[in-house]
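What follows is the content of model29.pdb, which has PDB, C-alpha atoms:
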```pdb
MODEL        1
ATOM      1  CA  ALA A   1      13.388  -3.797   1.013  1.00  0.00           C
ATOM      2  CA  MET A   2      14.148  -1.425   3.878  1.00  0.00           C
ATOM      3  CA  PRO A   3      16.384  -2.571   6.732  1.00  0.00           C
ATOM      4  CA  GLN A   4      14.313  -3.120   9.865  1.00  0.00           C
ATOM      5  CA  PRO A   5      15.046  -3.765  13.525  1.00  0.00           C
ATOM      6  CA  THR A   6      15.233  -7.427  14.511  1.00  0.00           C
ATOM      7  CA  GLY A   7      11.756  -8.895  14.717  1.00  0.00           C
ATOM      8  CA  ALA A   8      10.088  -6.083  12.762  1.00  0.00           C
ATOM      9  CA  PRO A   9       8.056  -6.997   9.671  1.00  0.00           C
ATOM     10  CA  PRO A  10       9.908  -6.657   6.369  1.00  0.00           C
ATOM     11  CA  VAL A  11       9.076  -3.436   4.483  1.00  0.00           C
ATOM     12  CA  VAL A  12       9.121  -3.026   0.710  1.00  0.00           C
ATOM     13  CA  LEU A  13       8.909   0.424  -0.914  1.00  0.00           C
ATOM     14  CA  ASP A  14       7.531   0.555  -4.444  1.00  0.00           C
ATOM     15  CA  GLY A  15       6.797   3.879  -6.122  1.00  0.00           C
ATOM     16  CA  ALA A  16       3.976   2.431  -8.213  1.00  0.00           C
ATOM     17  CA  HIS A  17       2.259   5.727  -9.018  1.00  0.00           C
ATOM     18  CA  ASN A  18       0.108   4.806 -12.021  1.00  0.00           C
ATOM     19  CA  PRO A  19      -1.945   1.802 -13.211  1.00  0.00           C
ATOM     20  CA  GLN A  20       0.922   0.359 -15.274  1.00  0.00           C
ATOM     21  CA  LYS A  21       3.319   0.410 -12.326  1.00  0.00           C
ATOM     22  CA  ILE A  22       0.648  -1.010 -10.008  1.00  0.00           C
ATOM     23  CA  ALA A  23       0.125  -3.832 -12.528  1.00  0.00           C
ATOM     24  CA  ALA A  24       3.828  -4.710 -12.259  1.00  0.00           C
ATOM     25  CA  LEU A  25       3.627  -4.603  -8.457  1.00  0.00           C
ATOM     26  CA  VAL A  26       0.508  -6.795  -8.476  1.00  0.00           C
ATOM     27  CA  GLU A  27       2.315  -9.300 -10.703  1.00  0.00           C
ATOM     28  CA  GLU A  28       5.111  -9.505  -8.118  1.00  0.00           C
ATOM     29  CA  LEU A  29       2.638  -9.797  -5.223  1.00  0.00           C
ATOM     30  CA  ALA A  30       0.860 -12.649  -7.026  1.00  0.00           C
ATOM     31  CA  ARG A  31       4.201 -14.388  -7.654  1.00  0.00           C
ATOM     32  CA  ARG A  32       5.107 -14.128  -3.986  1.00  0.00           C
ATOM     33  CA  ARG A  33       1.725 -15.567  -2.988  1.00  0.00           C
ATOM     34  CA  ARG A  34       2.314 -18.520  -5.344  1.00  0.00           C
ATOM     35  CA  ASP A  35       5.687 -18.994  -3.608  1.00  0.00           C
ATOM     36  CA  GLY A  36       3.949 -19.261  -0.240  1.00  0.00           C
ATOM     37  CA  HIS A  37       4.330 -15.721   1.105  1.00  0.00           C
ATOM     38  CA  PRO A  38       1.322 -14.257   2.913  1.00  0.00           C
ATOM     39  CA  ALA A  39      -0.546 -11.253   1.562  1.00  0.00           C
ATOM     40  CA  PRO A  40       1.065  -8.009   2.778  1.00  0.00           C
ATOM     41  CA  VAL A  41      -0.359  -5.020   4.570  1.00  0.00           C
ATOM     42  CA  VAL A  42      -0.365  -2.150   2.061  1.00  0.00           C
ATOM     43  CA  VAL A  43       0.146   1.532   2.902  1.00  0.00           C
ATOM     44  CA  PHE A  44      -1.066   3.595  -0.060  1.00  0.00           C
ATOM     45  CA  GLY A  45      -1.054   7.318  -0.790  1.00  0.00           C
ATOM     46  CA  ALA A  46      -1.291   9.184  -4.066  1.00  0.00           C
ATOM     47  CA  LEU A  47      -1.404  12.639  -5.534  1.00  0.00           C
ATOM     48  CA  ALA A  48      -4.792  13.989  -6.555  1.00  0.00           C
ATOM     49  CA  GLY A  49      -5.644  13.346 -10.172  1.00  0.00           C
ATOM     50  CA  LYS A  50      -4.042   9.905 -10.290  1.00  0.00           C
ATOM     51  CA  ALA A  51      -6.127   6.887 -11.344  1.00  0.00           C
ATOM     52  CA  THR A  52      -6.511   5.811  -7.717  1.00  0.00           C
ATOM     53  CA  GLU A  53      -9.727   3.847  -8.191  1.00  0.00           C
ATOM     54  CA  GLU A  54      -8.108   1.712 -10.882  1.00  0.00           C
ATOM     55  CA  MET A  55      -4.922   1.274  -8.852  1.00  0.00           C
ATOM     56  CA  LEU A  56      -6.778   0.274  -5.684  1.00  0.00           C
ATOM     57  CA  ALA A  57      -9.023  -2.133  -7.588  1.00  0.00           C
ATOM     58  CA  ALA A  58      -5.881  -3.915  -8.803  1.00  0.00           C
ATOM     59  CA  LEU A  59      -4.203  -3.897  -5.358  1.00  0.00           C
ATOM     60  CA  ALA A  60      -7.224  -4.883  -3.257  1.00  0.00           C
ATOM     61  CA  PRO A  61      -7.186  -8.634  -3.966  1.00  0.00           C
ATOM     62  CA  HIS A  62      -3.511  -8.831  -2.959  1.00  0.00           C
ATOM     63  CA  ALA A  63      -3.616  -6.987   0.375  1.00  0.00           C
ATOM     64  CA  ALA A  64      -4.256  -8.443   3.812  1.00  0.00           C
ATOM     65  CA  ALA A  65      -5.001  -4.936   5.130  1.00  0.00           C
ATOM     66  CA  LEU A  66      -4.817  -1.423   3.735  1.00  0.00           C
ATOM     67  CA  VAL A  67      -3.787   1.879   5.308  1.00  0.00           C
ATOM     68  CA  ALA A  68      -4.778   4.922   3.237  1.00  0.00           C
ATOM     69  CA  THR A  69      -2.627   8.008   3.720  1.00  0.00           C
ATOM     70  CA  THR A  70      -1.568  11.232   2.033  1.00  0.00           C
ATOM     71  CA  ALA A  71       1.311  11.896  -0.327  1.00  0.00           C
ATOM     72  CA  PRO A  72       2.236  15.382   0.895  1.00  0.00           C
ATOM     73  CA  VAL A  73       4.136  17.420  -1.673  1.00  0.00           C
ATOM     74  CA  LEU A  74       4.575  21.169  -1.482  1.00  0.00           C
ATOM     75  CA  GLY A  75       2.479  22.742  -4.207  1.00  0.00           C
ATOM     76  CA  LYS A  76       0.668  19.524  -5.169  1.00  0.00           C
ATOM     77  CA  ALA A  77      -2.641  18.209  -3.883  1.00  0.00           C
ATOM     78  CA  SER A  78      -2.819  14.758  -2.334  1.00  0.00           C
ATOM     79  CA  ALA A  79      -5.729  12.400  -2.828  1.00  0.00           C
ATOM     80  CA  ALA A  80      -7.818  12.401   0.337  1.00  0.00           C
ATOM     81  CA  PRO A  81      -7.157   9.226   2.364  1.00  0.00           C
ATOM     82  CA  ALA A  82     -10.882   8.832   3.100  1.00  0.00           C
ATOM     83  CA  ASN A  83     -11.537   8.812  -0.653  1.00  0.00           C
ATOM     84  CA  LEU A  84      -8.816   6.205  -1.148  1.00  0.00           C
ATOM     85  CA  ALA A  85     -10.405   4.017   1.524  1.00  0.00           C
ATOM     86  CA  ALA A  86     -13.826   4.434  -0.094  1.00  0.00           C
ATOM     87  CA  ALA A  87     -12.345   3.465  -3.480  1.00  0.00           C
ATOM     88  CA  ALA A  88     -10.825   0.324  -1.954  1.00  0.00           C
ATOM     89  CA  ARG A  89     -14.185  -0.671  -0.438  1.00  0.00           C
ATOM     90  CA  ALA A  90     -15.951   0.076  -3.735  1.00  0.00           C
ATOM     91  CA  ALA A  91     -13.422  -2.223  -5.443  1.00  0.00           C
ATOM     92  CA  GLY A  92     -14.503  -5.038  -3.117  1.00  0.00           C
ATOM     93  CA  PHE A  93     -11.754  -4.862  -0.506  1.00  0.00           C
ATOM     94  CA  ARG A  94     -13.070  -6.506   2.684  1.00  0.00           C
ATOM     95  CA  GLY A  95      -9.906  -6.615   4.795  1.00  0.00           C
ATOM     96  CA  ALA A  96      -8.900  -4.319   7.633  1.00  0.00           C
ATOM     97  CA  LEU A  97      -8.907  -0.751   6.355  1.00  0.00           C
ATOM     98  CA  ALA A  98      -7.525   2.309   8.135  1.00  0.00           C
ATOM     99  CA  VAL A  99      -7.426   5.982   7.226  1.00  0.00           C
ATOM    100  CA  GLU A 100      -4.319   7.714   8.553  1.00  0.00           C
ATOM    101  CA  PRO A 101      -3.583  11.096   6.935  1.00  0.00           C
ATOM    102  CA  GLU A 102      -0.114  11.440   8.519  1.00  0.00           C
ATOM    103  CA  PRO A 103       2.322   9.252   6.498  1.00  0.00           C
ATOM    104  CA  GLU A 104       4.607   8.440   9.456  1.00  0.00           C
ATOM    105  CA  ALA A 105       1.617   7.379  11.546  1.00  0.00           C
ATOM    106  CA  ALA A 106       0.354   5.336   8.573  1.00  0.00           C
ATOM    107  CA  LEU A 107       3.696   3.540   8.454  1.00  0.00           C
ATOM    108  CA  ASP A 108       3.537   2.853  12.198  1.00  0.00           C
ATOM    109  CA  HIS A 109      -0.032   1.576  11.901  1.00  0.00           C
ATOM    110  CA  GLY A 110       0.883  -0.613   8.926  1.00  0.00           C
ATOM    111  CA  LEU A 111       3.868  -2.060  10.792  1.00  0.00           C
ATOM    112  CA  ALA A 112       1.665  -2.844  13.779  1.00  0.00           C
ATOM    113  CA  LEU A 113      -0.915  -4.576  11.577  1.00  0.00           C
ATOM    114  CA  ALA A 114       1.763  -6.546   9.741  1.00  0.00           C
ATOM    115  CA  GLY A 115       3.423  -7.559  13.009  1.00  0.00           C
ATOM    116  CA  ARG A 116       0.158  -8.820  14.495  1.00  0.00           C
ATOM    117  CA  ALA A 117      -0.682 -10.713  11.300  1.00  0.00           C
ATOM    118  CA  GLY A 118       2.819 -12.162  10.870  1.00  0.00           C
ATOM    119  CA  THR A 119       3.164 -10.688   7.419  1.00  0.00           C
ATOM    120  CA  TRP A 120       5.115  -7.982   5.586  1.00  0.00           C
ATOM    121  CA  LEU A 121       4.406  -4.401   4.578  1.00  0.00           C
ATOM    122  CA  VAL A 122       4.322  -2.735   1.157  1.00  0.00           C
ATOM    123  CA  MET A 123       4.357   1.063   0.906  1.00  0.00           C
ATOM    124  CA  THR A 124       3.287   2.244  -2.523  1.00  0.00           C
ATOM    125  CA  GLY A 125       1.675   4.977  -4.565  1.00  0.00           C
ATOM    126  CA  SER A 126       3.091   8.470  -4.997  1.00  0.00           C
ATOM    127  CA  LEU A 127       6.180   8.307  -2.793  1.00  0.00           C
ATOM    128  CA  TYR A 128       7.658  11.654  -1.822  1.00  0.00           C
TER
ENDMDL
END
```
As a first step, turn the structure in this file into structure tokens.
Amino acid sequence: AMPQPTGAPPVVLDGAHNPQKIAALVEELARRRRDGHPAPVVVFGALAGKATEEMLAALAPHAAALVATTAPVLGKASAAPANLAAAARAAGFRGALAVEPEPEAALDHGLALAGRAGTWLVMTGSLY
């Protein structure tokens, strides 16, 4: 977890960048829900060519809200945030969904959503 200012929602970073890693993250999210924790807001970005539809289908049932963003890496293409959002909707995600291409703005938006909902934030995908 990242240190946060007093009163800010807790933030967890998890570089789950493929379906196997997302499965491990989902297992932890499910365990936390069983322990009484609320569903988190999820900020997700990935490089192009990753199995994003599969990853978002696994994450969707465990997220209170989702912010789709880019994973900007020099010389590598990022999956388009609008496509990530569409994949989440296609997977059945019905929560609040935002498209924010700028990663820092996506973090700010996710923190605001988590703060209003009284929950925590998970940043995941291709972290660079």
Next on the checklist: Please list as a ChimeraX atom specification every residue within 12 Å of segment 23-31 of chain A, counting all atoms listed in the file and excluding residues in the same chain fewer than 2 positions away.
Outcome noted: /A:12-21,33-42,54-64,120-125
Item to check | Atomic separation - atom CA of Thr52 of chain A relative to atom CA of Leu111 of chain A, Å | outcome: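 Separation between atom CA of Leu111 of chain A and atom CA of Thr52 of chain A: 22.6 Å.
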Next on the checklist: Please list as number ranges by chain every residue within 9 Å of Ala96 of chain A, counting only C-alpha atoms and excluding residues in the same chain fewer than 6 positions away.
Outcome noted: A: 64-67, 113
Next on the checklist: If we draw a sphere of 12 Å around (-4.9, 16.9, -3.3), which residues have at least one atom in it when counting only C-alpha atoms? Please report them as an MDAnalysis selection string.
Outcome noted: chainID A and resid 45:50 69:84 101 126
Could you save those same residues with C-alpha atoms as a short mmCIF file (atom, residue, chain, number, x, y, z; two decimals), in the frame of the given file?
```cif
data_model
loop_
_atom_site.label_atom_id
_atom_site.label_comp_id
_atom_site.auth_asym_id
_atom_site.auth_seq_id
_atom_site.Cartn_x
_atom_site.Cartn_y
_atom_site.Cartn_z
CA GLY A 45 -1.05 7.32 -0.79
CA ALA A 46 -1.29 9.18 -4.07
CA LEU A 47 -1.40 12.64 -5.53
CA ALA A 48 -4.79 13.99 -6.56
CA GLY A 49 -5.64 13.35 -10.17
CA LYS A 50 -4.04 9.90 -10.29
CA THR A 69 -2.63 8.01 3.72
CA THR A 70 -1.57 11.23 2.03
CA ALA A 71 1.31 11.90 -0.33
CA PRO A 72 2.24 15.38 0.90
CA VAL A 73 4.14 17.42 -1.67
CA LEU A 74 4.58 21.17 -1.48
CA GLY A 75 2.48 22.74 -4.21
CA LYS A 76 0.67 19.52 -5.17
CA ALA A 77 -2.64 18.21 -3.88
CA SER A 78 -2.82 14.76 -2.33
CA ALA A 79 -5.73 12.40 -2.83
CA ALA A 80 -7.82 12.40 0.34
CA PRO A 81 -7.16 9.23 2.36
CA ALA A 82 -10.88 8.83 3.10
CA ASN A 83 -11.54 8.81 -0.65
CA LEU A 84 -8.82 6.20 -1.15
CA PRO A 101 -3.58 11.10 6.94
CA SER A 126 3.09 8.47 -5.00
#
```
Checklist entry - Out of A:Ala98, A:Ala91, A:Ala68, A:Ala106, which residue has the shortest atom-to-atom distance to Glu53 of chain A when counting all atoms listed in the file? => result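 Closest to Glu53 of chain A, using all atoms listed in the file: A:Ala91.
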Next on the checklist: To one decimal place in Å, what is the distance between atom CA of Tyr128 of chain A and atom CA of His109 of chain A?
Outcome noted: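 Atom CA of His109 of chain A lies 18.7 Å from atom CA of Tyr128 of chain A.
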Checklist entry - Could you work out how far atom CA of Phe93 of chain A lies from atom CA of Ala105 of chain A, giving the answer in Å with one decimal? => result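 Calculated distance between atom CA of Ala105 of chain A and atom CA of Phe93 of chain A is 21.8 Å.
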